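K.L.:
Next up is a structure, given as structure tokens.
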Amino acid sequence: MKTTAFTKYHIAAGARMAEFAGYNMPIEFSGINDEHLTVRQGAGVFDVSHMGEIWVKGPKALDLLQRITSNDVSKLYDGKVQYSCMPNGRGGIVDDILVYRVDAETYLLVVNAANTDKDWQHICAEGAKFGMEAGHGKELYNASDEICQLAVQGPLAMKIVQKMCAEPVEEMEYYTFRKMRVAGCDAILSITGYTGSGGCEIYVANEDGDKLWTALWEAGAEYGLKNIGLGARDTLRLEKGFCLYGNDIDDTTSPIEAGLGWITKFAEGKEFIDRALMEKQKSEGVTRKLVGFKMIDRGIPRHGYALAAPDGTPIGHVTSGTMSPCLKIGFGLGYVAADFAKPGTEIAVIIRDKALKAQVTPLPFV
């Protein structure tokens, strides 16, 4: 298993560790509910160094990104971040990603940990069609093993991070970033977040990881900063209705089905992979849709559970589900037949052969 620059600190803190995307990662520290509420009310730090970072550079960078991503990269300006996905040519999704524009010929793609190798191969194959080379010092470069990343999240997060920065960062706009010094380290500081509670991400070279970690805990002491594991990361994102690759979206789901039409832009001249299919789905509609739902009956929905109409007819399946630490009820995301996708529609979750009532709910949940 791979380790991150911070693995030793998690083990020393008594984290419950487990393999995730080939890395030895902390799943929980004090407990998922406690960690979840810490991020909603205070500040917590996540080690997300397992995420992948891929540089796309040169005069053909924009052309490549317009081809391989669904969103309109031409709308970005220096210091702006965009949420997007890479269609796979078969109506599904290679990955959902973040695109950072450093300048007109320099972009950083942040990709899901479990997909880094797959994404890299896809980007290289498509880049070759534009005459772009891959490797150190080339237009395409996979820097994933050189960079560590901490996500500091919660309403108090930016007060903590500000103490490590000489320039003001508390008023940075959502989905922007800066290349700057953080705790004396060369860093990228971005405001994207996967929790919906505010905060930032800090990227530094692996060799600066110890320095950043020490400074962060010194800065966070007065604000009650806590370690947060991947367990709470999942419950936090689910309460906000954010998709998780491998659960809610994958190689078989289209962005239109997944409610990601807002990152699928049919701009003039943008001939992205699967454009014609996506346009057809948008105009003609899809047969299934990803929806949020809350349990009416007592029960906890889990990934893979069947979803049914009130009369028992199968209509889909749960993609993500658990007990909401904030709402104290079972809730989740799932694909349902399009006729059942309207908010307020009653559906059933099949839990241990019992049909338990649930209701389709608008997102976010909280």
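The way I read the labels, and the way they are meant: chains A, B, ... in the order of the structure tokens, residue 1 as the first residue of every chain, and ligand 1 as the first ligand shown, with later ones counted on from there.
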For region 264-365 of chain A versus region 218-241 of chain A, which residues have an atom no more than 6 Å away, and what is each residue's nearest atom pair and distance in Å rounded to one decimal, using only C-alpha atoms, chain-then-number order, as JSON lines?
P.N.:
```
{"residue": "A:Leu363", "atom": "CA", "partner": "A:Gly241", "partner_atom": "CA", "distance": 5.7}
{"residue": "A:Pro364", "atom": "CA", "partner": "A:Lys240", "partner_atom": "CA", "distance": 4.5}
{"residue": "A:Phe365", "atom": "CA", "partner": "A:Glu239", "partner_atom": "CA", "distance": 5.2}
```
K.L.:
Could you turn the residues from that selection into a file that holds C-alpha atoms, as an mmCIF file, in the first residue's frame?
P.N.:
```
data_model
loop_
_atom_site.group_PDB
_atom_site.id
_atom_site.type_symbol
_atom_site.label_atom_id
_atom_site.label_comp_id
_atom_site.auth_asym_id
_atom_site.auth_seq_id
_atom_site.Cartn_x
_atom_site.Cartn_y
_atom_site.Cartn_z
ATOM 1 C CA LEU A 363 -30.813 18.413 -3.232
ATOM 2 C CA PRO A 364 -28.965 19.383 -1.115
ATOM 3 C CA PHE A 365 -30.376 17.567 1.918
#
```
K.L.:
Could you give me the residues within region 12-182 of chain A that DSSP places in alpha helix (DSSP H), as a ChimeraX atom specification?
P.N.:
/A:12,32-41,61-68,116-128,157-162
K.L.:
Between CA of Ala338 (chain A) and CA of Thr287 (chain A), what is the distance in Å, rounded to a tenth?
P.N.:
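Going from CA of Ala338 (chain A) over to CA of Thr287 (chain A) covers 5.3 Å.
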K.L.:
Quick one: distance from CA of Arg352 (chain A) to CA of Ile300 (chain A) in Å, one decimal?
P.N.:
10.7 Å
K.L.:
Residues at most 12 Å from Gly131 (chain A), counting only C-alpha atoms, excluding those fewer than 6 positions away in the same chain, as a ChimeraX atom specification?
P.N.:
/A:58-61,63-64,124-125,138-140
K.L.:
Once you have the residues from the selection above, write them out as a compact mmCIF listing (two decimals), in the first residue's frame, restricted to all heavy atoms.
P.N.:
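The resulting file, out.txt, is shown below:
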```txt
# COMPACT_ATOMS: atom_id res chain seq x y z
N GLY A 58 0.96 23.77 -22.76
CA GLY A 58 1.32 24.02 -24.15
C GLY A 58 0.22 24.62 -24.99
O GLY A 58 -0.92 24.79 -24.54
N PRO A 59 0.53 24.95 -26.25
CA PRO A 59 -0.43 25.64 -27.14
C PRO A 59 -1.67 24.81 -27.46
O PRO A 59 -2.69 25.37 -27.86
CB PRO A 59 0.40 25.93 -28.40
CG PRO A 59 1.58 25.03 -28.34
CD PRO A 59 1.86 24.79 -26.89
N LYS A 60 -1.60 23.48 -27.29
CA LYS A 60 -2.75 22.62 -27.59
C LYS A 60 -3.55 22.24 -26.33
O LYS A 60 -4.49 21.46 -26.41
CB LYS A 60 -2.27 21.33 -28.28
CG LYS A 60 -1.70 21.54 -29.67
CD LYS A 60 -2.82 21.84 -30.67
CE LYS A 60 -2.30 21.85 -32.09
NZ LYS A 60 -3.37 22.18 -33.05
N ALA A 61 -3.15 22.78 -25.18
CA ALA A 61 -3.79 22.39 -23.92
C ALA A 61 -5.30 22.63 -23.93
O ALA A 61 -6.07 21.74 -23.58
CB ALA A 61 -3.14 23.14 -22.75
N ASP A 63 -7.30 23.02 -26.52
CA ASP A 63 -7.96 22.16 -27.51
C ASP A 63 -8.19 20.76 -26.96
O ASP A 63 -9.27 20.18 -27.13
CB ASP A 63 -7.10 22.08 -28.78
CG ASP A 63 -7.03 23.40 -29.53
OD1 ASP A 63 -7.91 24.26 -29.29
OD2 ASP A 63 -6.11 23.58 -30.34
N LEU A 64 -7.18 20.21 -26.29
CA LEU A 64 -7.32 18.87 -25.71
C LEU A 64 -8.42 18.86 -24.65
O LEU A 64 -9.28 17.97 -24.65
CB LEU A 64 -6.00 18.41 -25.10
CG LEU A 64 -6.07 17.10 -24.29
CD1 LEU A 64 -6.50 15.93 -25.17
CD2 LEU A 64 -4.75 16.81 -23.59
N CYS A 124 -3.43 10.72 -22.03
CA CYS A 124 -2.28 10.53 -22.92
C CYS A 124 -2.72 10.08 -24.30
O CYS A 124 -2.20 10.56 -25.32
CB CYS A 124 -1.30 9.53 -22.31
SG CYS A 124 -0.42 10.14 -20.87
N ALA A 125 -3.67 9.14 -24.35
CA ALA A 125 -4.15 8.63 -25.64
C ALA A 125 -4.81 9.74 -26.45
O ALA A 125 -4.59 9.87 -27.66
CB ALA A 125 -5.12 7.48 -25.41
N LYS A 138 7.36 17.35 -20.37
CA LYS A 138 6.52 17.34 -21.58
C LYS A 138 5.18 18.05 -21.30
O LYS A 138 4.91 18.51 -20.19
CB LYS A 138 6.26 15.90 -22.01
CG LYS A 138 7.50 15.07 -22.21
CD LYS A 138 8.31 15.52 -23.41
CE LYS A 138 9.45 14.55 -23.69
NZ LYS A 138 10.29 15.01 -24.82
N GLU A 139 4.32 18.08 -22.34
CA GLU A 139 3.04 18.81 -22.20
C GLU A 139 2.08 18.12 -21.22
O GLU A 139 1.25 18.78 -20.59
CB GLU A 139 2.35 18.94 -23.55
CG GLU A 139 3.08 19.84 -24.53
CD GLU A 139 3.66 19.07 -25.71
OE1 GLU A 139 4.16 17.95 -25.50
OE2 GLU A 139 3.61 19.60 -26.82
N LEU A 140 2.18 16.81 -21.13
CA LEU A 140 1.34 16.05 -20.21
C LEU A 140 2.22 15.43 -19.14
O LEU A 140 3.21 14.75 -19.46
CB LEU A 140 0.59 14.95 -20.97
CG LEU A 140 -0.26 15.40 -22.16
CD1 LEU A 140 -0.83 14.18 -22.90
CD2 LEU A 140 -1.38 16.33 -21.72
```
